[in-house]
Each structure stands twice: as structure tokens, then as C-alpha cells.
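Listing of final_31.tsv; format and content: TSV, C-alpha atoms and all ligand atoms.
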chain	number	residue	atom	x	y	z
H	11	MET	CA	126.85	124.38	114.27
H	12	SER	CA	124.73	127.38	114.97
H	13	ASP	CA	123.02	130.09	113.05
H	14	GLU	CA	125.04	132.71	114.83
H	15	GLY	CA	128.07	134.53	113.52
H	16	ALA	CA	128.85	136.50	110.42
H	17	THR	CA	125.98	135.11	108.37
H	18	THR	CA	123.33	135.66	111.05
H	19	ASP	CA	121.76	138.72	109.48
H	20	ALA	CA	121.48	137.22	106.03
H	21	TRP	CA	120.11	133.98	107.46
H	22	THR	CA	117.60	135.80	109.64
H	23	GLU	CA	116.45	137.77	106.62
H	24	ARG	CA	116.04	134.57	104.63
H	25	LEU	CA	114.14	133.00	107.51
H	26	PHE	CA	111.71	135.89	107.62
H	27	GLY	CA	111.39	135.78	103.83
H	28	GLY	CA	110.97	132.02	103.86
H	29	PHE	CA	108.34	131.88	106.55
H	30	ARG	CA	106.47	134.96	105.32
H	31	LYS	CA	103.58	133.02	103.81
H	32	THR	CA	103.28	130.90	106.93
H	33	SER	CA	103.20	133.88	109.28
H	34	GLU	CA	100.81	135.75	107.00
H	35	ARG	CA	98.47	132.79	106.99
H	36	LEU	CA	98.64	132.52	110.76
H	37	THR	CA	98.07	136.24	111.23
H	38	GLU	CA	95.20	136.16	108.77
H	39	ASN	CA	93.61	133.20	110.51
H	40	LEU	CA	93.95	134.93	113.86
H	41	SER	CA	92.81	138.36	112.73
H	42	GLY	CA	89.67	139.73	114.26
H	43	ILE	CA	90.16	137.92	117.53
H	44	VAL	CA	90.38	140.59	120.19
H	45	GLY	CA	89.70	139.67	123.75
H	46	LYS	CA	89.62	141.25	127.15
H	47	THR	CA	92.36	140.65	129.69
H	48	ARG	CA	91.19	137.07	129.65
H	49	LEU	CA	90.19	135.26	126.46
H	50	ASP	CA	86.81	133.54	126.63
H	51	GLU	CA	86.10	129.97	125.57
H	52	GLY	CA	84.73	131.00	122.17
H	53	GLN	CA	87.83	133.04	121.40
H	54	LEU	CA	90.08	130.23	122.55
H	55	ASP	CA	88.19	127.85	120.25
H	56	ASP	CA	88.67	130.24	117.35
H	57	ILE	CA	92.36	130.52	118.05
H	58	GLU	CA	92.74	126.76	118.31
H	59	ASP	CA	90.98	126.35	114.96
H	60	ALA	CA	93.16	129.03	113.41
H	61	LEU	CA	96.31	127.28	114.60
H	62	ILE	CA	95.13	123.96	113.18
H	63	MET	CA	94.26	125.65	109.88
H	64	SER	CA	97.81	126.99	109.87
H	65	ASP	CA	99.18	123.43	109.94
H	66	LEU	CA	100.47	123.49	113.52
H	67	GLY	CA	98.58	120.29	114.23
H	68	PRO	CA	95.97	119.52	116.90
H	69	ARG	CA	98.42	118.80	119.70
H	70	ALA	CA	100.43	121.99	119.39
H	71	ALA	CA	97.20	123.95	118.88
H	72	ALA	CA	95.73	122.52	122.11
H	73	ARG	CA	98.94	123.28	123.97
H	74	ILE	CA	98.97	126.87	122.79
H	75	ARG	CA	95.29	127.19	123.65
H	76	ASP	CA	96.02	126.04	127.22
H	77	ARG	CA	98.79	128.58	127.56
H	78	LEU	CA	96.53	131.36	126.25
H	79	ALA	CA	93.74	130.29	128.62
H	80	GLU	CA	96.08	130.80	131.56
H	81	GLU	CA	97.35	134.12	130.32
H	82	ARG	CA	96.14	137.31	131.94
H	83	PHE	CA	96.78	140.10	129.44
H	84	GLU	CA	97.74	143.48	130.83
H	85	ARG	CA	95.70	145.33	128.29
H	86	ASP	CA	93.07	143.92	125.94
H	87	ALA	CA	94.30	140.86	124.10
H	88	ASP	CA	94.89	142.12	120.56
H	89	SER	CA	96.45	139.97	117.88
H	90	GLU	CA	99.93	141.27	118.70
H	91	ALA	CA	99.66	140.28	122.36
H	92	ILE	CA	98.23	136.91	121.37
H	93	MET	CA	101.07	136.34	118.91
H	94	GLU	CA	103.64	137.04	121.64
H	95	VAL	CA	102.18	134.20	123.68
H	96	VAL	CA	101.91	131.97	120.61
H	97	ALA	CA	105.58	132.62	119.82
H	98	ARG	CA	106.62	131.78	123.37
H	99	GLU	CA	104.79	128.48	123.31
H	100	ILE	CA	106.11	127.57	119.84
H	101	ALA	CA	109.62	128.26	121.12
H	102	ASP	CA	108.97	125.90	124.04
H	103	ILE	CA	107.83	123.22	121.59
H	104	LEU	CA	110.83	123.67	119.28
H	105	ARG	CA	113.52	124.07	121.93
H	106	PRO	CA	113.88	120.39	122.90
H	107	VAL	CA	114.09	119.21	119.29
H	108	ALA	CA	116.30	121.85	117.67
H	109	ARG	CA	119.50	119.87	117.63
H	110	PRO	CA	122.28	120.27	115.08
H	111	LEU	CA	123.83	117.18	113.56
H	112	ASP	CA	127.17	117.02	115.31
H	113	ILE	CA	130.10	114.99	114.10
H	114	VAL	CA	131.10	113.02	117.17
H	115	ALA	CA	131.63	109.43	115.99
H	116	PHE	CA	134.75	107.67	117.11
H	117	PRO	CA	136.18	105.94	115.25
H	118	ARG	CA	135.45	108.02	112.20
H	119	PRO	CA	133.67	108.21	109.84
H	120	GLN	CA	130.29	109.21	111.17
H	121	ILE	CA	127.86	107.48	108.85
H	122	ILE	CA	124.72	109.44	108.08
H	123	LEU	CA	121.96	107.70	106.12
H	124	VAL	CA	119.67	110.16	104.41
H	125	ILE	CA	116.20	108.90	103.65
H	126	GLY	CA	113.05	110.43	102.22
H	127	VAL	CA	110.75	110.29	99.23
H	128	ASN	CA	111.97	111.39	95.82
H	129	GLY	CA	111.45	115.06	95.27
H	130	SER	CA	111.61	115.97	98.95
H	131	GLY	CA	114.86	117.77	98.33
H	132	LYS	CA	117.00	114.86	99.47
H	133	THR	CA	119.84	115.25	96.98
H	134	THR	CA	120.21	118.99	97.46
H	135	THR	CA	119.92	118.55	101.21
H	136	ILE	CA	122.84	116.12	101.13
H	137	ALA	CA	124.86	118.71	99.24
H	138	LYS	CA	123.89	121.43	101.70
H	139	LEU	CA	124.76	119.22	104.67
H	140	ALA	CA	128.13	118.44	103.12
H	141	HIS	CA	128.69	122.17	102.71
H	142	LEU	CA	127.72	122.79	106.33
H	143	PHE	CA	130.25	120.19	107.51
H	144	GLN	CA	132.92	121.61	105.23
H	145	GLU	CA	132.36	125.01	106.80
H	146	GLN	CA	133.25	123.38	110.12
H	147	ASP	CA	136.40	121.92	108.60
H	148	TYR	CA	135.16	118.36	108.54
H	149	SER	CA	136.07	116.16	105.59
H	150	VAL	CA	133.08	114.70	103.80
H	151	MET	CA	132.41	111.84	101.42
H	152	LEU	CA	129.17	111.06	99.61
H	153	ALA	CA	127.80	107.62	98.76
H	154	ALA	CA	125.29	107.25	95.93
H	155	GLY	CA	123.10	104.64	97.57
H	156	ASP	CA	120.08	105.43	95.41
H	157	THR	CA	121.10	103.14	92.57
H	158	PHE	CA	117.54	102.84	91.31
H	159	ARG	CA	117.79	105.86	89.05
H	160	ALA	CA	120.80	106.90	86.99
H	161	ALA	CA	119.66	110.51	87.36
H	162	ALA	CA	120.00	110.34	91.14
H	163	ILE	CA	123.58	109.06	90.87
H	164	GLY	CA	124.40	111.70	88.27
H	165	GLN	CA	122.92	114.54	90.29
H	166	LEU	CA	124.83	113.58	93.40
H	167	ALA	CA	128.04	113.27	91.39
H	168	ILE	CA	127.56	116.82	90.08
H	169	TRP	CA	127.19	118.10	93.64
H	170	ALA	CA	130.28	116.16	94.78
H	171	ASP	CA	132.23	117.76	91.97
H	172	ARG	CA	131.01	121.26	92.82
H	173	LEU	CA	131.78	120.82	96.49
H	174	GLY	CA	135.10	119.14	95.82
H	175	VAL	CA	134.26	116.06	97.90
H	176	PRO	CA	134.84	112.43	96.93
H	177	ILE	CA	131.89	110.27	95.98
H	178	VAL	CA	131.50	106.51	95.84
H	179	LYS	CA	128.96	105.23	93.35
H	180	GLY	CA	128.00	102.02	91.66
H	181	PRO	CA	126.20	101.13	88.45
H	182	GLU	CA	122.53	101.94	87.97
H	183	GLY	CA	120.49	99.05	89.31
H	184	GLY	CA	123.47	97.87	91.39
H	185	ASP	CA	123.30	96.76	95.00
H	186	PRO	CA	123.08	99.85	97.27
H	187	ALA	CA	124.52	97.90	100.19
H	188	SER	CA	127.64	97.14	98.18
H	189	VAL	CA	128.05	100.84	97.30
H	190	VAL	CA	127.74	101.68	100.98
H	191	PHE	CA	130.25	98.99	101.92
H	192	ASP	CA	132.79	100.35	99.41
H	193	ALA	CA	132.14	103.88	100.64
H	194	VAL	CA	132.76	103.01	104.29
H	195	LYS	CA	135.99	101.27	103.36
H	196	ALA	CA	137.18	104.25	101.31
H	197	ALA	CA	136.09	106.78	103.95
H	198	THR	CA	137.88	104.84	106.69
H	199	GLN	CA	141.07	104.60	104.62
H	200	GLN	CA	140.98	108.29	103.80
H	201	GLY	CA	140.23	109.41	107.35
H	202	ILE	CA	136.95	111.03	106.35
H	203	ASP	CA	134.90	112.63	109.15
H	204	ALA	CA	131.39	112.37	107.71
H	205	LEU	CA	130.07	109.88	105.18
H	206	ILE	CA	126.67	110.95	103.88
H	207	VAL	CA	124.71	108.18	102.21
H	208	ASP	CA	121.91	108.85	99.73
H	209	THR	CA	119.23	106.18	99.65
H	210	ALA	CA	116.28	105.32	97.46
H	211	GLY	CA	112.95	106.92	98.30
H	212	ARG	CA	110.41	104.69	96.62
H	213	LEU	CA	107.59	104.58	99.09
H	214	GLN	CA	105.36	102.97	96.47
H	215	ASN	CA	107.11	99.72	97.17
H	216	LYS	CA	107.41	99.71	100.91
H	217	ARG	CA	108.56	96.10	101.22
H	218	GLU	CA	111.38	96.52	98.73
H	219	LEU	CA	112.50	99.78	100.31
H	220	MET	CA	112.40	98.24	103.76
H	221	ASP	CA	114.51	95.28	102.61
H	222	GLU	CA	116.96	97.58	100.89
H	223	LEU	CA	117.42	99.83	103.92
H	224	ALA	CA	117.60	96.82	106.25
H	225	LYS	CA	120.36	95.34	104.12
H	226	ILE	CA	122.31	98.60	104.16
H	227	ARG	CA	121.96	98.65	107.94
H	228	ARG	CA	123.14	95.04	108.22
H	229	VAL	CA	126.20	95.68	106.11
H	230	LEU	CA	127.01	98.83	108.07
H	231	GLY	CA	126.47	97.09	111.39
H	232	ARG	CA	128.99	94.43	110.48
H	233	ILE	CA	131.65	97.05	109.78
H	234	ASN	CA	130.82	99.15	112.81
H	235	PRO	CA	128.13	98.18	115.33
H	236	GLU	CA	127.40	101.87	115.92
H	237	ALA	CA	126.61	102.52	112.27
H	238	PRO	CA	124.58	104.12	110.89
H	239	HIS	CA	125.14	106.83	113.47
H	240	ASP	CA	122.30	108.90	112.10
H	241	VAL	CA	119.23	108.14	110.01
H	242	VAL	CA	117.99	111.49	108.82
H	243	LEU	CA	114.59	111.84	107.19
H	244	VAL	CA	114.22	114.70	104.73
H	245	LEU	CA	110.72	116.16	104.59
H	246	ASP	CA	109.21	118.65	102.18
H	247	ALA	CA	107.20	121.19	104.19
H	248	THR	CA	104.99	121.98	101.20
H	249	ASN	CA	103.44	118.53	101.71
H	250	GLY	CA	101.87	119.78	104.94
H	251	GLN	CA	100.19	116.99	106.88
H	252	ASN	CA	101.48	114.42	104.37
H	253	ALA	CA	104.97	115.18	105.56
H	254	LEU	CA	103.85	114.02	109.00
H	255	SER	CA	102.52	110.73	107.71
H	256	GLN	CA	105.88	110.20	106.02
H	257	ILE	CA	107.46	110.32	109.47
H	258	GLU	CA	105.17	107.46	110.55
H	259	ILE	CA	106.03	105.37	107.51
H	260	PHE	CA	109.77	105.94	107.55
H	261	LYS	CA	109.95	105.34	111.30
H	262	GLU	CA	108.51	101.93	110.60
H	263	VAL	CA	110.52	101.23	107.45
H	264	ALA	CA	113.90	102.58	108.42
H	265	GLY	CA	114.02	103.89	111.96
H	266	VAL	CA	114.55	107.62	112.03
H	267	SER	CA	116.96	109.40	114.37
H	268	GLY	CA	116.29	112.93	113.20
H	269	LEU	CA	114.57	115.18	110.70
H	270	ILE	CA	115.46	117.87	108.23
H	271	MET	CA	112.61	119.93	106.89
H	272	THR	CA	113.10	121.59	103.51
H	273	LYS	CA	111.22	124.04	101.32
H	274	LEU	CA	109.94	126.08	104.22
H	275	ASP	CA	110.24	129.05	101.90
H	276	GLY	CA	107.42	129.81	99.55
H	277	THR	CA	104.88	127.71	101.46
H	278	ALA	CA	102.17	128.75	103.86
H	279	ARG	CA	102.51	125.39	105.55
H	280	GLY	CA	105.59	126.08	107.67
H	281	GLY	CA	103.50	125.40	110.76
H	282	VAL	CA	104.09	121.74	110.01
H	283	LEU	CA	107.54	122.18	111.56
H	284	VAL	CA	105.83	122.83	114.89
H	285	ALA	CA	103.40	119.94	114.37
H	286	ALA	CA	106.29	117.56	113.69
H	287	ALA	CA	108.15	118.76	116.77
H	288	GLU	CA	105.15	118.36	119.06
H	289	GLN	CA	103.89	115.07	117.67
H	290	TYR	CA	107.14	113.16	117.27
H	291	GLY	CA	109.72	114.84	119.45
H	292	LEU	CA	112.45	113.73	117.05
H	293	PRO	CA	115.49	115.99	116.77
H	294	ILE	CA	115.15	118.48	113.94
H	295	HIS	CA	118.70	118.96	112.73
H	296	ALA	CA	118.23	121.70	110.19
H	297	ILE	CA	115.71	123.54	108.09
H	298	GLY	CA	115.86	124.53	104.42
H	299	VAL	CA	114.58	127.89	103.27
H	300	GLY	CA	115.83	128.07	99.70
H	301	GLU	CA	117.69	126.47	96.86
H	302	LYS	CA	121.11	127.98	97.48
H	303	ILE	CA	123.85	125.88	99.03
H	304	ASP	CA	123.82	127.79	102.32
H	305	ASP	CA	120.03	127.87	102.63
H	306	LEU	CA	120.03	124.91	105.01
H	307	ARG	CA	121.05	125.39	108.62
H	308	PRO	CA	120.36	124.39	112.19
H	309	PHE	CA	117.98	126.86	113.72
H	310	SER	CA	117.41	128.87	116.82
H	311	PRO	CA	114.01	127.81	118.22
H	312	ASP	CA	113.33	131.24	119.68
H	313	LEU	CA	114.05	133.02	116.44
H	314	VAL	CA	112.04	130.58	114.31
H	315	ALA	CA	109.12	130.79	116.74
H	316	ARG	CA	109.06	134.58	116.36
H	317	VAL	CA	109.42	134.30	112.60
H	318	ILE	CA	106.45	131.91	112.39
H	319	ALA	CA	104.41	134.26	114.55
H	320	GLY	CA	105.49	137.15	112.33
H	321	ILE	CA	107.06	139.10	115.20
H	322	ALA	CA	110.16	141.03	114.26
H	401	LIG	N1	112.61	126.49	97.47
H	401	LIG	C1	113.33	125.46	97.92
H	401	LIG	N2	113.64	124.49	97.07
H	401	LIG	C2	114.36	123.45	97.53
H	401	LIG	C3	114.77	123.35	98.89
H	401	LIG	N3	115.45	122.18	99.03
H	401	LIG	C4	115.46	121.60	97.81
H	401	LIG	N4	114.80	122.35	96.91
H	401	LIG	C5	114.55	122.08	95.49
H	401	LIG	O1	113.70	120.96	95.36
H	401	LIG	C6	113.96	120.29	94.15
H	401	LIG	C7	114.08	118.80	94.42
H	401	LIG	O2	115.26	118.61	95.13
H	401	LIG	P1	116.15	117.30	94.96
H	401	LIG	O3	117.28	117.47	95.86
H	401	LIG	O4	116.40	117.02	93.54
H	401	LIG	O5	115.12	116.27	95.56
H	401	LIG	P2	115.28	114.75	95.77
H	401	LIG	O6	114.46	114.38	96.92
H	401	LIG	O7	116.66	114.30	95.77
H	401	LIG	O8	114.56	114.27	94.51
H	401	LIG	P3	115.11	113.23	93.54
H	401	LIG	O9	116.43	113.73	93.08
H	401	LIG	O10	114.05	113.26	92.49
H	401	LIG	O11	115.14	111.99	94.34
H	401	LIG	C8	115.18	120.94	93.57
H	401	LIG	O12	114.79	121.82	92.54
H	401	LIG	C9	115.78	121.71	94.75
H	401	LIG	O13	116.49	122.85	94.34
H	401	LIG	C10	114.40	124.41	99.77
H	401	LIG	O14	114.66	124.41	101.00
H	401	LIG	N5	113.67	125.43	99.24
For the structure just supplied, provide its representation as C-alpha cells.
Amino acid sequence: MSDEGATTDAWTERLFGGFRKTSERLTENLSGIVGKTRLDEGQLDDIEDALIMSDLGPRAAARIRDRLAEERFERDADSEAIMEVVAREIADILRPVARPLDIVAFPRPQIILVIGVNGSGKTTTIAKLAHLFQEQDYSVMLAAGDTFRAAAIGQLAIWADRLGVPIVKGPEGGDPASVVFDAVKAATQQGIDALIVDTAGRLQNKRELMDELAKIRRVLGRINPEAPHDVVLVLDATNGQNALSQIEIFKEVAGVSGLIMTKLDGTARGGVLVAAAEQYGLPIHAIGVGEKIDDLRPFSPDLVARVIAGIA
């Protein structure tokens, strides 16, 4: 999975469109800072503040500050020259975590639990992931493990229908672990490559959610000790710093093996992607920059860094 190939231009355009508000905010926050060949302490402080105000988080901001402090600019340090350095450091932060979700499980299926609060874009992200796998010629099955709400089951079923992939679901209020058990059995019988499991996202009742996810894990573990192969947390970038606290909570409740960040379009808070990368170091499998089915993809850290910094 990569963002290269025939769709690169369209995707790059969407990335730039999606991150526009973020890069504008960053540029705005950094405007007016013009230094000599070396930035002084006051200017470095201002830049650090600007980066924090742009949601990059204190750790990434400090790291970028350090890099800028070491930098000897050839000419005076205008915002463009500063942004080049910012982009380089952001790329260094994103590079170790930008990791596509590869289908490698043997025996199949690879079982991917998708977790996250309601409204984070979980259901559509599952559909987009399924689409991404289909593009790579993998067979996909969905499991409607969020049995708490009939609407969640219905919505997932509509996506399954549109994508032409099988779905296993149970009754509203049914036992999610039993849905997952049935799904694994069906996926194994049908030789499915990737089984994507939707789960409930009720953070209001942490205990219940924890028990529910633990039970799903237990059932899966009995069928295949390696399962679930992935526990992917879906985060809504528009939640800014709240998205980061969700990582803390879900790490504790469910164990998280990787992240997908959605709704990076139309928000000025895209810097939170960098904050998440620096603070947690969890793989970031893909990013979402729109509502269309192919608006979710793995990303090139260098390109996204330049997009965030607003450098064409
Ligand atoms: N702009 C934008 N909208 C998105 C993105 N991803 C999802 N959405 C939209 O966000 C809304 C919520 O998405 P859902 O997939 O229904 O979210 P959910 O977490 O499953 O929420 P529940 O179904 O309520 O549990 C939908 O209108 C999606 O189209 C994205 O990357 N960008």
C-alpha cells in the first residue's frame, strides 16, 4: 500500500486541500518571525509557542525548536526558510510511524479490530479500509461487532452491500463476542484475507467497554492465539488534543497496535497528527482527508510534512 501510482496527483491535491487550514494556521502563527542567520532565544520561544498553538504538541514543538536553534541559515531566516526546517523535522517525526496496514497473517484471515468513539468516523473508515484492501486484491469480510446500536449495524451493512463484501452481524443488543466468533468461522471457511471488526465506542462506560473488548479478545485468542492481529484506533483530528487523550484511554482499555486519523480535511488542527506521532510512537496506518471512499490512504511522511508546512 502506498500513495504512489496513478492516483498520486489526485491524492496529493486532496492532501493539500485537506491540510490547507492547518498549514494556514501554522503559517499565520509563524508570520512576522524573521531572524538573522541564527534565530535568537526570543524568536525560538515564539516559534515554539506557534507550533504548540498549531496543535503539534509540546514535545514535537520542543524538538523542532532544537533543530531550528542548531540551524545556520544562509540568508536571513524568513518564514519560508523556517518552514523548510519545520517540514524536515516533521518528516523525521512522521517517518518511523507511517506504516501501512499490511495483510500478512498466516493462517488467514488477518483479524483487524477497529476501535474508537462513536462519531470518530469509525464506520466509514472500516469501509474505506475494506476498499483499500480490495484495491490490492485481498478478499474482505466485515463483522458488525457494535451491537449496541441498530443504526451502527445497519450502516455497516449498507457499506458491505456497496462494496460487495460479506458481512456477519447479530441482533441489536446481542453478544459482540459471538458475532466475532461467527465471523472468524465464516471468514476461515471462505478463505477471506482480511476480517475487519467494528466494535462499540462507548467511552462513557469504560468498564463495560473494557469487558466487552476483553471478551472479544478472549474469544479470538481461543480460535487463533495471534488474533486480533491488529487493534486499530480511529481518531477524529477535529478533536485536537482530545484525540490524544483518547489514545491514552483506549491503550488502557483495549491495547492499541496502530492509529488511523480521520477528518484531517476542513480542520486547522491537523498538527495533532504530528503530536500523536511524537508522543506515542504508534504506527499511523492511514489518514482520512474526506468523505469519499478513496479519501483514506497510507501516507508519505515527507509529502505530508511539506503539506502541513504549506510548502508546495
Ligand atoms: N470530512 C471528513 N468526514 C469524514 C471523514 N471520515 C469520516 N467522515 C464523516 O464523519 C461522519 C461520521 O462517520 P461515521 O463513520 O458514521 O462515524 P462512526 O465513528 O462510525 O460513528 P457512529 O456510526 O456514530 O459510531 C460521517 O458523516 C463521515 O462521512 C474524513 O476523513 N473527512
_Residues near H:Phe26, anyone? I mean within 12 Å using only C-alpha atoms, not counting same-chain ones fewer than 6 positions away, as an NGL selection string._
:H and (19-20 or 32-34 or 274-276 or 280 or 299-300 or 313-322)
*Counting all atoms listed in the file, find the residues whose atoms lie at most 12 Å from (141.0, 104.1, 108.9) (file coordinates) and write them out as a PyMOL selection string.*
chain H and resi 116-119+194-203+233-234
Env. residues ligand LIG 401 (chain H) / 7 Å / only C-alpha atoms and all ligand atoms / as a PDB file with C-alpha atoms, in the coordinates of the input:
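What landed in out_6.pdb:
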ATOM      1  CA  GLY H 126     113.050 110.430 102.220  1.00  0.00           C
ATOM      2  CA  VAL H 127     110.750 110.290  99.230  1.00  0.00           C
ATOM      3  CA  ASN H 128     111.970 111.390  95.820  1.00  0.00           C
ATOM      4  CA  GLY H 129     111.450 115.060  95.270  1.00  0.00           C
ATOM      5  CA  SER H 130     111.610 115.970  98.950  1.00  0.00           C
ATOM      6  CA  GLY H 131     114.860 117.770  98.330  1.00  0.00           C
ATOM      7  CA  LYS H 132     117.000 114.860  99.470  1.00  0.00           C
ATOM      8  CA  THR H 133     119.840 115.250  96.980  1.00  0.00           C
ATOM      9  CA  THR H 134     120.210 118.990  97.460  1.00  0.00           C
ATOM     10  CA  THR H 135     119.920 118.550 101.210  1.00  0.00           C
ATOM     11  CA  ALA H 162     120.000 110.340  91.140  1.00  0.00           C
ATOM     12  CA  GLY H 211     112.950 106.920  98.300  1.00  0.00           C
ATOM     13  CA  THR H 272     113.100 121.590 103.510  1.00  0.00           C
ATOM     14  CA  LYS H 273     111.220 124.040 101.320  1.00  0.00           C
ATOM     15  CA  LEU H 274     109.940 126.080 104.220  1.00  0.00           C
ATOM     16  CA  ASP H 275     110.240 129.050 101.900  1.00  0.00           C
ATOM     17  CA  GLY H 276     107.420 129.810  99.550  1.00  0.00           C
ATOM     18  CA  GLY H 298     115.860 124.530 104.420  1.00  0.00           C
ATOM     19  CA  VAL H 299     114.580 127.890 103.270  1.00  0.00           C
ATOM     20  CA  GLY H 300     115.830 128.070  99.700  1.00  0.00           C
ATOM     21  CA  GLU H 301     117.690 126.470  96.860  1.00  0.00           C
ATOM     22  CA  ASP H 305     120.030 127.870 102.630  1.00  0.00           C
ATOM     23  CA  LEU H 306     120.030 124.910 105.010  1.00  0.00           C
TER      24      LEU H 306
END
*asked:* Quick one: residues within 9 Å of H:Asp240, all atoms listed in the file, excluding same-chain residues fewer than 6 positions away - as number ranges by chain?
replied: H: 111, 120-124, 266-268
*asked:* With only C-alpha atoms as the counted atoms, please give the residues lying no more than 9 Å from H:Leu139, apart from itself and same-chain residues fewer than 3 positions off, as a list in words.
replied: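 Answer for this query is Thr134, Thr135, Ile136, Leu142, Phe143, Gln144, Ile206, Ala296, Ile303, Asp304, Leu306 and Arg307 of chain H.
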*Measure the distance from atom CA of H:His239 to atom CA of H:Pro181 in Å and round it to one decimal.*
25.7 Å
*With a distance cut-off of 8 Å and all atoms listed in the file, select the neighbouring residues of H:Ile74, excluding the residue or stretch itself and same-chain residues fewer than 2 positions from it, and output the selection as number ranges by chain.*
H: 58, 70-72, 76-78, 96, 99-100
*If you count only C-alpha atoms, which residues fall within 12 Å of H:Ile259, apart from same-chain ones fewer than 3 positions away, as a VMD selection string?*
chain H and resid 125 to 127 211 to 217 219 to 220 243 252 to 256 262 to 266
*Quick one: distance from atom CA of H:Ile103 to atom CA of H:Leu66 in Å, one decimal?*
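Here the two named atoms are 10.9 Å from each other.
Atom CA of H:Leu36 sits 12.7 Å away from atom CA of H:Gly67.
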*Nearest to H:Gln251 among H:Ala154, H:Met63, H:Ala204, H:Ala108, with distances taken over all atoms listed in the file: which residue is it?*
H:Met63
Box along x, y and z, 5 Å on every side, all listed atoms of stretch 205-215 of chain H inside: centre and edge lengths in Å to one decimal, as JSON.
{"center_x": 117.7, "center_y": 105.3, "center_z": 100.8, "size_x": 34.7, "size_y": 21.2, "size_z": 18.7}
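Between H:Gly155 and the residues H:Glu258, H:Asp192, H:Glu80, H:Asp208, the shortest atom-to-atom distance, using only C-alpha atoms, involves H:Asp208.
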Since the input has fewer atoms than a full residue there, write stretch 248-262 of chain H out with N, CA and C atoms, as a PDB file, in the coordinates of the input.
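Wrote part.pdb, looks like this:
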ATOM      1  N   THR H 248     106.149 121.634 102.038  1.00  0.00           N
ATOM      2  CA  THR H 248     104.990 121.980 101.200  1.00  0.00           C
ATOM      3  C   THR H 248     103.963 120.841 101.189  1.00  0.00           C
ATOM      4  N   ASN H 249     104.384 119.656 101.625  1.00  0.00           N
ATOM      5  CA  ASN H 249     103.440 118.530 101.710  1.00  0.00           C
ATOM      6  C   ASN H 249     102.533 118.602 102.930  1.00  0.00           C
ATOM      7  N   GLY H 250     102.755 119.581 103.788  1.00  0.00           N
ATOM      8  CA  GLY H 250     101.870 119.780 104.940  1.00  0.00           C
ATOM      9  C   GLY H 250     101.706 118.503 105.754  1.00  0.00           C
ATOM     10  N   GLN H 251     100.460 118.148 106.011  1.00  0.00           N
ATOM     11  CA  GLN H 251     100.190 116.990 106.880  1.00  0.00           C
ATOM     12  C   GLN H 251     100.743 115.689 106.303  1.00  0.00           C
ATOM     13  N   ASN H 252     100.877 115.621 104.974  1.00  0.00           N
ATOM     14  CA  ASN H 252     101.480 114.420 104.370  1.00  0.00           C
ATOM     15  C   ASN H 252     102.903 114.191 104.823  1.00  0.00           C
ATOM     16  N   ALA H 253     103.592 115.297 105.078  1.00  0.00           N
ATOM     17  CA  ALA H 253     104.970 115.180 105.560  1.00  0.00           C
ATOM     18  C   ALA H 253     104.968 114.434 106.891  1.00  0.00           C
ATOM     19  N   LEU H 254     103.927 114.692 107.695  1.00  0.00           N
ATOM     20  CA  LEU H 254     103.850 114.020 109.000  1.00  0.00           C
ATOM     21  C   LEU H 254     103.589 112.521 108.836  1.00  0.00           C
ATOM     22  N   SER H 255     102.748 112.167 107.860  1.00  0.00           N
ATOM     23  CA  SER H 255     102.520 110.730 107.710  1.00  0.00           C
ATOM     24  C   SER H 255     103.768 110.039 107.175  1.00  0.00           C
ATOM     25  N   GLN H 256     104.609 110.799 106.464  1.00  0.00           N
ATOM     26  CA  GLN H 256     105.880 110.200 106.020  1.00  0.00           C
ATOM     27  C   GLN H 256     106.770 109.853 107.222  1.00  0.00           C
ATOM     28  N   ILE H 257     106.669 110.641 108.270  1.00  0.00           N
ATOM     29  CA  ILE H 257     107.460 110.320 109.470  1.00  0.00           C
ATOM     30  C   ILE H 257     107.021 108.952 109.995  1.00  0.00           C
ATOM     31  N   GLU H 258     105.708 108.759 110.082  1.00  0.00           N
ATOM     32  CA  GLU H 258     105.170 107.460 110.550  1.00  0.00           C
ATOM     33  C   GLU H 258     105.742 106.318 109.727  1.00  0.00           C
ATOM     34  N   ILE H 259     105.641 106.468 108.395  1.00  0.00           N
ATOM     35  CA  ILE H 259     106.030 105.370 107.510  1.00  0.00           C
ATOM     36  C   ILE H 259     107.533 105.103 107.610  1.00  0.00           C
ATOM     37  N   PHE H 260     108.327 106.156 107.531  1.00  0.00           N
ATOM     38  CA  PHE H 260     109.770 105.940 107.550  1.00  0.00           C
ATOM     39  C   PHE H 260     110.273 105.470 108.912  1.00  0.00           C
ATOM     40  N   LYS H 261     109.574 105.861 109.974  1.00  0.00           N
ATOM     41  CA  LYS H 261     109.950 105.340 111.300  1.00  0.00           C
ATOM     42  C   LYS H 261     109.831 103.825 111.292  1.00  0.00           C
ATOM     43  N   GLU H 262     108.764 103.364 110.650  1.00  0.00           N
ATOM     44  CA  GLU H 262     108.510 101.930 110.600  1.00  0.00           C
ATOM     45  C   GLU H 262     109.472 101.239 109.628  1.00  0.00           C
TER      46      GLU H 262
END
